[in-house]
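The data block below is upload.cif; it holds mmCIF, C-alpha atoms.
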```cif
data_work
#
loop_
_atom_site.label_atom_id
_atom_site.label_comp_id
_atom_site.auth_asym_id
_atom_site.auth_seq_id
_atom_site.Cartn_x
_atom_site.Cartn_y
_atom_site.Cartn_z
CA MET A 1 11.85 18.82 15.48
CA LYS A 2 10.53 21.30 12.89
CA GLN A 3 13.43 20.40 10.60
CA LEU A 4 12.59 16.70 10.85
CA ILE A 5 8.96 17.37 9.95
CA ALA A 6 10.07 19.53 7.01
CA VAL A 7 12.40 16.78 5.73
CA LEU A 8 9.67 14.13 6.00
CA ALA A 9 7.18 16.40 4.21
CA LEU A 10 9.67 17.05 1.40
CA ALA A 11 10.45 13.34 1.10
CA THR A 12 6.73 12.61 0.81
CA LEU A 13 6.29 15.16 -1.96
CA CYS A 14 9.29 14.02 -4.00
CA GLY A 15 8.46 10.31 -3.72
CA CYS A 16 11.91 9.58 -2.32
CA ALA A 17 13.00 7.32 -5.21
CA SER A 18 9.97 5.08 -4.84
CA THR A 19 8.47 3.78 -8.08
CA GLN A 20 6.06 1.27 -6.61
CA PRO A 21 2.47 1.34 -7.92
CA VAL A 22 1.02 1.88 -4.45
CA GLY A 23 2.67 2.82 -1.22
CA GLY A 24 2.07 3.50 2.41
CA PHE A 25 3.59 6.42 4.28
CA ILE A 26 4.73 4.24 7.17
CA TYR A 27 5.28 0.85 5.52
CA SER A 28 4.68 -0.85 2.19
CA ASP A 29 5.46 -4.28 0.78
CA VAL A 30 4.13 -4.60 -2.78
CA GLN A 31 4.52 -7.19 -5.55
CA GLY A 32 3.33 -6.98 -9.11
CA PRO A 33 3.83 -8.21 -12.66
CA VAL A 34 6.16 -6.67 -15.21
CA ALA A 35 6.20 -8.99 -18.24
CA THR A 36 5.70 -12.51 -19.47
CA THR A 37 6.46 -14.45 -22.63
CA HIS A 38 4.69 -17.22 -24.50
CA LEU A 39 6.66 -19.75 -22.44
CA PRO A 40 5.26 -21.38 -19.31
CA LYS A 41 6.62 -20.01 -16.04
CA GLY A 42 10.10 -21.48 -15.65
CA PRO A 43 11.24 -23.57 -12.68
CA LEU A 44 14.29 -21.40 -11.93
CA ARG A 45 14.00 -18.16 -9.94
CA GLY A 46 16.46 -15.27 -9.73
CA GLU A 47 16.30 -11.97 -7.91
CA ALA A 48 18.27 -8.71 -8.08
CA CYS A 49 17.69 -5.64 -5.88
CA ALA A 50 18.58 -1.99 -5.47
CA THR A 51 18.23 -0.06 -2.20
CA SER A 52 17.88 3.61 -1.36
CA TRP A 53 18.61 5.08 2.09
CA LEU A 54 16.74 8.30 3.01
CA GLY A 55 16.49 9.08 -0.69
CA ALA A 56 20.07 10.33 -0.46
CA TYR A 57 22.11 7.20 -1.24
CA ALA A 58 21.12 4.40 -3.59
CA THR A 59 23.00 1.32 -4.70
CA GLY A 60 22.38 -2.01 -6.38
CA ASP A 61 21.60 -3.65 -9.70
CA ALA A 62 17.95 -4.60 -10.09
CA SER A 63 18.20 -5.39 -13.79
CA ILE A 64 16.59 -8.38 -15.45
CA ALA A 65 20.03 -9.52 -16.65
CA GLU A 66 21.41 -9.54 -13.09
CA ALA A 67 18.35 -11.40 -11.76
CA ALA A 68 18.68 -14.01 -14.55
CA LYS A 69 22.39 -14.41 -13.76
CA ASN A 70 21.61 -14.84 -10.05
CA GLY A 71 19.07 -17.54 -10.95
CA GLY A 72 21.45 -19.37 -13.26
CA MET A 73 19.22 -19.03 -16.32
CA SER A 74 19.66 -17.92 -19.90
CA ILE A 75 15.96 -17.90 -20.91
CA VAL A 76 13.59 -15.64 -19.00
CA SER A 77 9.89 -16.54 -19.16
CA HIS A 78 8.34 -14.29 -16.53
CA VAL A 79 9.32 -11.05 -14.74
CA ASP A 80 7.85 -9.66 -11.52
CA GLN A 81 8.79 -6.77 -9.26
CA HIS A 82 8.81 -6.42 -5.50
CA SER A 83 9.21 -3.15 -3.64
CA SER A 84 9.19 -2.23 0.00
CA SER A 85 9.53 0.96 1.99
CA LEU A 86 9.84 1.78 5.68
CA LEU A 87 9.17 5.42 6.62
CA PHE A 88 11.10 6.53 3.52
CA ILE A 89 14.21 5.51 5.45
CA LYS A 90 14.89 2.39 3.39
CA ASN A 91 13.34 1.75 -0.02
CA THR A 92 14.04 -1.50 -1.86
CA TRP A 93 13.17 -2.40 -5.46
CA CYS A 94 13.69 -5.98 -6.63
CA THR A 95 13.30 -7.64 -9.99
CA VAL A 96 12.30 -11.30 -9.81
CA VAL A 97 12.63 -13.48 -12.90
CA TYR A 98 11.64 -17.05 -13.69
CA GLY A 99 13.05 -19.07 -16.53
CA TYR A 100 15.12 -21.93 -17.88
CA LYS A 101 18.78 -22.88 -17.79
CA GLY A 102 19.70 -23.93 -21.31
CA GLY A 103 18.91 -23.35 -24.96
CA ALA A 104 15.58 -23.22 -26.73
CA LYS A 105 14.83 -26.95 -26.27
CA ALA A 106 15.04 -26.55 -22.47
CA ALA A 107 12.07 -24.20 -22.55
CA GLN A 108 9.82 -26.52 -24.57
#
```

Go through the file and emit its structure as structure tokens.
Amino acid sequence: MKQLIAVLALATLCGCASTQPVGGFIYSDVQGPVATTHLPKGPLRGEACATSWLGAYATGDASIAEAAKNGGMSIVSHVDQHSSSLLFIKNTWCTVVYGYKGGAKAAQ
């Protein structure tokens, strides 16, 4: 039991791969803005996520390019982020993009 408490204390101090702006020790589910362009928010939505388990194993592609690909768009107008954490056991970071499918005229 002492080892478990020590591991949880260490995970709390190191942040355990969490880069969210605010967090809760037990649970967090946070959304926030990243960037926007001069274009209106596009009708298409794409999401890409990366996940960390116990701060020891992480996998995924949460890039803007992957989120745009998943949404079927070539013009990104708006980027948000979403992160969640449960007892530092599972941390998830997602990039959410909005945009348009085609060339420059599609965004006008």

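Put simply, the PyMOL selection byres ((chain A and resi 25) around 9) on this file hits Thr12, Gly23, Gly24, Ile26, Tyr27, Ser28, Ser85, Leu86, Leu87 and Phe88 of chain A.
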
Q: Rounded to one decimal place, report the CA of Ala35 in chain A-CA of Ile89 in chain A distance in Å.
A: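 A separation of 28.9 Å between them.
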
Q. What is the distance between CA of Ser77 in chain A and CA of Ser63 in chain A, in Å to one decimal?
A.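 Taking CA of Ser77 in chain A and CA of Ser63 in chain A, their separation equals 14.9 Å.
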
Q: Using the chain letters and residue numbers of this document, give as a ChimeraX atom specification the residues selected by the PyMOL selection byres ((chain A and resi 100) around 7).
A: /A:42-44,73-76,99,101-102,106-107

**Q.** Output of the PyMOL selection byres ((chain A and resi 66-70) around 8), listed as an NGL selection string
**A.** :A and (45-48 or 61-65 or 71-76 or 95-99)

Q. If we count only C-alpha atoms, what is near Ser52 in chain A at a cut-off of 6 Å, once residues fewer than 3 positions away on the same chain are taken out, given as JSON, numbers by chain?
A. {"A": [55, 57, 58, 90, 91]}

**Q.** CA of Thr92 in chain A to CA of His78 in chain A, distance in Å rounded to a single decimal
**A.**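 Computing it gives 20.3 Å between the two atoms.
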
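For the residues A:Cys94, A:Cys49, A:Leu54, A:Thr59, ranking by smallest atom-to-atom distance to Pro33 in chain A using all atoms listed in the file places A:Cys94 first.
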